[in-house]
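For reference, start-v1.csv is printed below; it contains CSV, N, CA and C atoms and all ligand atoms.
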chain,number,residue,atom,x,y,z
H,1,MET,N,-7.4,-7.3,3.4
H,1,MET,CA,-6.3,-8.0,2.8
H,1,MET,C,-5.3,-7.0,2.4
H,2,ALA,N,-4.1,-7.1,2.8
H,2,ALA,CA,-3.0,-6.2,2.4
H,2,ALA,C,-2.3,-6.8,1.2
H,3,ARG,N,-1.7,-6.0,0.3
H,3,ARG,CA,-1.0,-6.5,-0.8
H,3,ARG,C,0.2,-5.5,-1.1
H,4,MET,N,1.3,-6.1,-1.5
H,4,MET,CA,2.5,-5.3,-1.8
H,4,MET,C,2.7,-5.3,-3.3
H,5,VAL,N,2.8,-4.1,-3.9
H,5,VAL,CA,3.0,-4.0,-5.4
H,5,VAL,C,4.1,-3.0,-5.6
H,6,ARG,N,5.0,-3.4,-6.5
H,6,ARG,CA,6.2,-2.5,-6.8
H,6,ARG,C,5.7,-1.3,-7.7
H,7,HIS,N,5.9,-0.1,-7.2
H,7,HIS,CA,5.5,1.1,-8.0
H,7,HIS,C,6.8,1.7,-8.4
H,8,GLU,N,6.9,2.0,-9.7
H,8,GLU,CA,8.1,2.7,-10.2
H,8,GLU,C,7.9,4.1,-10.7
H,9,GLN,N,6.7,4.5,-10.7
H,9,GLN,CA,6.3,5.9,-11.1
H,9,GLN,C,6.8,6.9,-10.0
H,10,LEU,N,7.4,8.0,-10.4
H,10,LEU,CA,7.9,8.9,-9.4
H,10,LEU,C,7.1,10.2,-9.3
H,11,GLY,N,6.1,10.3,-10.1
H,11,GLY,CA,5.3,11.6,-10.1
H,11,GLY,C,3.9,11.3,-10.2
H,12,PRO,N,3.1,12.3,-10.1
H,12,PRO,CA,1.6,12.2,-10.1
H,12,PRO,C,1.1,11.8,-11.5
H,13,TYR,N,-0.1,11.3,-11.5
H,13,TYR,CA,-0.9,11.1,-12.7
H,13,TYR,C,-1.9,12.1,-12.8
H,14,GLU,N,-2.0,12.7,-14.0
H,14,GLU,CA,-3.1,13.7,-14.3
H,14,GLU,C,-4.3,13.0,-14.8
H,15,ILE,N,-5.4,13.3,-14.2
H,15,ILE,CA,-6.7,12.9,-14.6
H,15,ILE,C,-7.5,14.1,-15.1
H,16,LYS,N,-7.6,14.2,-16.4
H,16,LYS,CA,-8.3,15.4,-17.0
H,16,LYS,C,-9.8,15.2,-16.9
H,17,PRO,N,-10.5,16.3,-16.8
H,17,PRO,CA,-12.0,16.2,-16.7
H,17,PRO,C,-12.5,15.4,-17.9
H,18,GLN,N,-13.5,14.6,-17.6
H,18,GLN,CA,-14.1,13.7,-18.6
H,18,GLN,C,-15.6,13.8,-18.6
H,19,GLU,N,-16.2,13.4,-19.6
H,19,GLU,CA,-17.7,13.4,-19.7
H,19,GLU,C,-18.2,12.2,-19.0
H,20,LYS,N,-17.5,11.1,-19.1
H,20,LYS,CA,-18.0,9.8,-18.6
H,20,LYS,C,-17.2,9.5,-17.3
H,21,SER,N,-17.7,8.6,-16.5
H,21,SER,CA,-17.0,8.1,-15.3
H,21,SER,C,-15.6,7.6,-15.6
H,22,ALA,N,-14.6,7.9,-14.8
H,22,ALA,CA,-13.3,7.3,-14.9
H,22,ALA,C,-13.1,6.5,-13.6
H,23,TRP,N,-12.6,5.3,-13.8
H,23,TRP,CA,-12.4,4.3,-12.7
H,23,TRP,C,-11.0,4.3,-12.3
H,24,VAL,N,-10.7,4.8,-11.1
H,24,VAL,CA,-9.3,4.9,-10.6
H,24,VAL,C,-9.0,3.6,-9.8
H,25,CYS,N,-7.9,3.0,-10.1
H,25,CYS,CA,-7.5,1.7,-9.5
H,25,CYS,C,-7.4,1.8,-8.0
H,26,GLY,N,-8.0,0.9,-7.3
H,26,GLY,CA,-7.9,0.9,-5.9
H,26,GLY,C,-7.1,-0.3,-5.4
H,27,CYS,N,-6.9,-1.3,-6.3
H,27,CYS,CA,-6.2,-2.5,-5.8
H,27,CYS,C,-4.7,-2.4,-6.0
H,28,GLY,N,-4.2,-1.5,-6.8
H,28,GLY,CA,-2.7,-1.4,-7.1
H,28,GLY,C,-2.2,-2.3,-8.1
H,29,LEU,N,-3.0,-3.1,-8.8
H,29,LEU,CA,-2.5,-4.1,-9.8
H,29,LEU,C,-2.7,-3.6,-11.2
H,30,SER,N,-3.3,-2.5,-11.4
H,30,SER,CA,-3.5,-2.1,-12.8
H,30,SER,C,-2.2,-1.7,-13.5
H,31,LYS,N,-2.1,-2.1,-14.8
H,31,LYS,CA,-1.0,-1.7,-15.6
H,31,LYS,C,-1.2,-0.4,-16.3
H,32,ASN,N,-2.3,0.2,-16.0
H,32,ASN,CA,-2.7,1.5,-16.6
H,32,ASN,C,-3.1,2.5,-15.5
H,33,LEU,N,-2.2,2.5,-14.5
H,33,LEU,CA,-2.5,3.4,-13.3
H,33,LEU,C,-2.6,4.9,-13.8
H,34,PRO,N,-3.4,5.7,-13.3
H,34,PRO,CA,-4.2,5.4,-12.1
H,34,PRO,C,-5.6,4.7,-12.4
H,35,LEU,N,-5.8,4.4,-13.7
H,35,LEU,CA,-7.1,3.9,-14.1
H,35,LEU,C,-7.2,2.4,-13.9
H,36,CYS,N,-8.3,1.9,-13.6
H,36,CYS,CA,-8.6,0.4,-13.5
H,36,CYS,C,-8.5,-0.2,-14.9
H,37,ASP,N,-7.8,-1.3,-15.0
H,37,ASP,CA,-7.8,-2.1,-16.3
H,37,ASP,C,-8.4,-3.5,-16.1
H,38,GLY,N,-9.0,-3.7,-15.0
H,38,GLY,CA,-9.7,-5.0,-14.8
H,38,GLY,C,-8.8,-6.0,-14.1
H,39,SER,N,-7.5,-5.6,-13.8
H,39,SER,CA,-6.6,-6.5,-13.1
H,39,SER,C,-7.1,-6.9,-11.7
H,40,HIS,N,-8.0,-6.2,-11.2
H,40,HIS,CA,-8.4,-6.5,-9.8
H,40,HIS,C,-9.1,-7.8,-9.7
H,41,LYS,N,-9.5,-8.4,-10.9
H,41,LYS,CA,-10.1,-9.7,-10.9
H,41,LYS,C,-9.2,-10.7,-10.2
H,42,LEU,N,-7.9,-10.5,-10.3
H,42,LEU,CA,-7.0,-11.5,-9.7
H,42,LEU,C,-7.2,-11.5,-8.2
H,43,CYS,N,-7.5,-10.4,-7.6
H,43,CYS,CA,-7.7,-10.3,-6.2
H,43,CYS,C,-8.9,-11.2,-5.8
H,44,ARG,N,-9.8,-11.4,-6.7
H,44,ARG,CA,-11.0,-12.1,-6.4
H,44,ARG,C,-10.9,-13.6,-6.7
H,45,THR,N,-9.8,-14.0,-7.3
H,45,THR,CA,-9.7,-15.4,-7.7
H,45,THR,C,-9.2,-16.4,-6.6
H,46,HIS,N,-8.8,-15.8,-5.5
H,46,HIS,CA,-8.4,-16.7,-4.4
H,46,HIS,C,-9.1,-16.2,-3.1
H,47,GLU,N,-9.1,-17.0,-2.2
H,47,GLU,CA,-9.7,-16.7,-0.9
H,47,GLU,C,-8.6,-15.9,-0.1
H,48,ALA,N,-8.9,-14.6,0.1
H,48,ALA,CA,-7.9,-13.8,0.8
H,48,ALA,C,-8.2,-14.0,2.3
H,49,GLU,N,-7.1,-14.3,3.0
H,49,GLU,CA,-7.2,-14.5,4.4
H,49,GLU,C,-6.8,-13.3,5.2
H,50,PRO,N,-7.6,-12.9,6.2
H,50,PRO,CA,-7.2,-11.8,7.0
H,50,PRO,C,-5.8,-12.0,7.7
H,51,GLY,N,-5.0,-11.0,7.8
H,51,GLY,CA,-3.7,-11.1,8.5
H,51,GLY,C,-2.6,-11.6,7.6
H,52,LYS,N,-2.9,-11.8,6.3
H,52,LYS,CA,-1.9,-12.2,5.3
H,52,LYS,C,-1.5,-11.1,4.4
H,53,LEU,N,-0.3,-11.1,3.9
H,53,LEU,CA,0.2,-10.1,3.0
H,53,LEU,C,0.5,-10.8,1.7
H,54,TYR,N,-0.2,-10.3,0.6
H,54,TYR,CA,-0.1,-11.0,-0.7
H,54,TYR,C,0.9,-10.2,-1.5
H,55,ILE,N,2.0,-10.8,-2.0
H,55,ILE,CA,3.0,-10.1,-2.8
H,55,ILE,C,2.9,-10.7,-4.2
H,56,TYR,N,2.8,-9.7,-5.2
H,56,TYR,CA,2.5,-10.1,-6.6
H,56,TYR,C,3.9,-10.0,-7.3
H,57,ASP,N,3.9,-10.8,-8.4
H,57,ASP,CA,5.1,-10.8,-9.3
H,57,ASP,C,5.2,-9.4,-10.0
H,58,ARG,N,6.3,-9.2,-10.7
H,58,ARG,CA,6.6,-8.0,-11.4
H,58,ARG,C,5.5,-7.7,-12.5
H,59,GLU,N,5.0,-8.7,-13.1
H,59,GLU,CA,3.9,-8.4,-14.1
H,59,GLU,C,2.6,-8.2,-13.5
H,60,ARG,N,2.4,-8.4,-12.2
H,60,ARG,CA,1.2,-8.2,-11.5
H,60,ARG,C,0.1,-9.2,-12.0
H,61,LYS,N,0.6,-10.4,-12.4
H,61,LYS,CA,-0.3,-11.4,-12.9
H,61,LYS,C,-0.6,-12.6,-12.0
H,62,ALA,N,0.3,-12.7,-11.0
H,62,ALA,CA,0.2,-13.8,-10.1
H,62,ALA,C,0.7,-13.5,-8.7
H,63,ILE,N,0.2,-14.2,-7.8
H,63,ILE,CA,0.7,-14.0,-6.4
H,63,ILE,C,2.1,-14.8,-6.3
H,64,ALA,N,3.1,-14.0,-6.0
H,64,ALA,CA,4.5,-14.6,-5.9
H,64,ALA,C,4.7,-15.2,-4.5
H,65,ARG,N,4.2,-14.6,-3.5
H,65,ARG,CA,4.4,-15.1,-2.1
H,65,ARG,C,3.2,-14.6,-1.2
H,66,VAL,N,3.0,-15.3,-0.2
H,66,VAL,CA,2.0,-14.9,0.8
H,66,VAL,C,2.7,-15.0,2.2
H,67,GLU,N,2.7,-13.9,2.9
H,67,GLU,CA,3.4,-13.9,4.2
H,67,GLU,C,2.4,-13.4,5.3
H,68,ASN,N,2.7,-13.7,6.5
H,68,ASN,CA,1.9,-13.2,7.6
H,68,ASN,C,2.1,-11.7,7.7
H,69,ASP,N,1.1,-10.9,7.8
H,69,ASP,CA,1.2,-9.4,7.8
H,69,ASP,C,1.2,-9.0,9.3
H,70,GLY,N,2.3,-8.6,9.7
H,70,GLY,CA,2.4,-8.1,11.1
H,70,GLY,C,3.4,-8.7,11.9
M,1,LIG,S1,-9.2,-1.8,-9.1
M,1,LIG,FE1,-7.2,-2.2,-9.7
M,1,LIG,S2,-7.3,-2.9,-11.7
M,1,LIG,FE2,-9.3,-2.5,-11.1

Using the file provided, produce a representation of the structure as structure tokens.
Amino acid sequence: MARMVRHEQLGPYEIKPQEKSAWVCGCGLSKNLPLCDGSHKLCRTHEAEPGKLYIYDRERKAIARVENDG
């Protein structure tokens, strides 16, 4: 499943060494990048269709549009 998320950060995020595991967001929806904030649950609330591009709203809380990917 492809997804389009608006990123406005222009530089890297520093992840300092930690004693416990740090979960880095892989879905692109976290509002606490680069760390996961649980927003990936939205990716699992709908049936993602192969070949579709899911475009999220600015708040990353809902799917704004679904387009054919390709
Ligand atoms: S993997 Fe992106 S919010 Fe959890």

- Using only C-alpha atoms and all ligand atoms, which of H:Ala64, H:Leu29, H:Leu53, H:Leu42 sits nearest ligand LIG 1 (chain M)?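 Looking only at the distances to ligand LIG 1 (chain M), the closest residue turns out to be H:Leu29.
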
Could you tell me, counting only N, CA and C atoms and all ligand atoms, which protein and nucleic acid residues lie no more than 8 Å from ligand LIG 1 (chain M), written as a CSV table (one decimal) with N, CA and C atoms, in the coordinates of the input?
chain,number,residue,atom,x,y,z
H,23,TRP,N,-12.6,5.3,-13.8
H,23,TRP,CA,-12.4,4.3,-12.7
H,23,TRP,C,-11.0,4.3,-12.3
H,24,VAL,N,-10.7,4.8,-11.1
H,24,VAL,CA,-9.3,4.9,-10.6
H,24,VAL,C,-9.0,3.6,-9.8
H,25,CYS,N,-7.9,3.0,-10.1
H,25,CYS,CA,-7.5,1.7,-9.5
H,25,CYS,C,-7.4,1.8,-8.0
H,26,GLY,N,-8.0,0.9,-7.3
H,26,GLY,CA,-7.9,0.9,-5.9
H,26,GLY,C,-7.1,-0.3,-5.4
H,27,CYS,N,-6.9,-1.3,-6.3
H,27,CYS,CA,-6.2,-2.5,-5.8
H,27,CYS,C,-4.7,-2.4,-6.0
H,28,GLY,N,-4.2,-1.5,-6.8
H,28,GLY,CA,-2.7,-1.4,-7.1
H,28,GLY,C,-2.2,-2.3,-8.1
H,29,LEU,N,-3.0,-3.1,-8.8
H,29,LEU,CA,-2.5,-4.1,-9.8
H,29,LEU,C,-2.7,-3.6,-11.2
H,30,SER,N,-3.3,-2.5,-11.4
H,30,SER,CA,-3.5,-2.1,-12.8
H,30,SER,C,-2.2,-1.7,-13.5
H,31,LYS,N,-2.1,-2.1,-14.8
H,31,LYS,CA,-1.0,-1.7,-15.6
H,31,LYS,C,-1.2,-0.4,-16.3
H,32,ASN,N,-2.3,0.2,-16.0
H,32,ASN,CA,-2.7,1.5,-16.6
H,32,ASN,C,-3.1,2.5,-15.5
H,33,LEU,N,-2.2,2.5,-14.5
H,33,LEU,CA,-2.5,3.4,-13.3
H,33,LEU,C,-2.6,4.9,-13.8
H,34,PRO,N,-3.4,5.7,-13.3
H,34,PRO,CA,-4.2,5.4,-12.1
H,34,PRO,C,-5.6,4.7,-12.4
H,35,LEU,N,-5.8,4.4,-13.7
H,35,LEU,CA,-7.1,3.9,-14.1
H,35,LEU,C,-7.2,2.4,-13.9
H,36,CYS,N,-8.3,1.9,-13.6
H,36,CYS,CA,-8.6,0.4,-13.5
H,36,CYS,C,-8.5,-0.2,-14.9
H,37,ASP,N,-7.8,-1.3,-15.0
H,37,ASP,CA,-7.8,-2.1,-16.3
H,37,ASP,C,-8.4,-3.5,-16.1
H,38,GLY,N,-9.0,-3.7,-15.0
H,38,GLY,CA,-9.7,-5.0,-14.8
H,38,GLY,C,-8.8,-6.0,-14.1
H,39,SER,N,-7.5,-5.6,-13.8
H,39,SER,CA,-6.6,-6.5,-13.1
H,39,SER,C,-7.1,-6.9,-11.7
H,40,HIS,N,-8.0,-6.2,-11.2
H,40,HIS,CA,-8.4,-6.5,-9.8
H,40,HIS,C,-9.1,-7.8,-9.7
H,41,LYS,N,-9.5,-8.4,-10.9
H,41,LYS,CA,-10.1,-9.7,-10.9
H,41,LYS,C,-9.2,-10.7,-10.2
H,42,LEU,N,-7.9,-10.5,-10.3
H,42,LEU,CA,-7.0,-11.5,-9.7
H,42,LEU,C,-7.2,-11.5,-8.2

- Contacts of segment 66-69 of chain H at 6 Å or less, counting only N, CA and C atoms, minus same-chain residues fewer than 5 places along, as a list in words? Gly51, Lys52, Leu53, Tyr54 and Ile55 of chain H

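Taking atom CA of Val5 of chain H and atom CA of Ser21 of chain H as the two end points, the separation is 25.4 Å.
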
- Output as a VMD selection string all residues of segment 3-68 of chain H that backbone DSSP marks as helix (DSSP H, G or I). chain H and resid 39 to 44
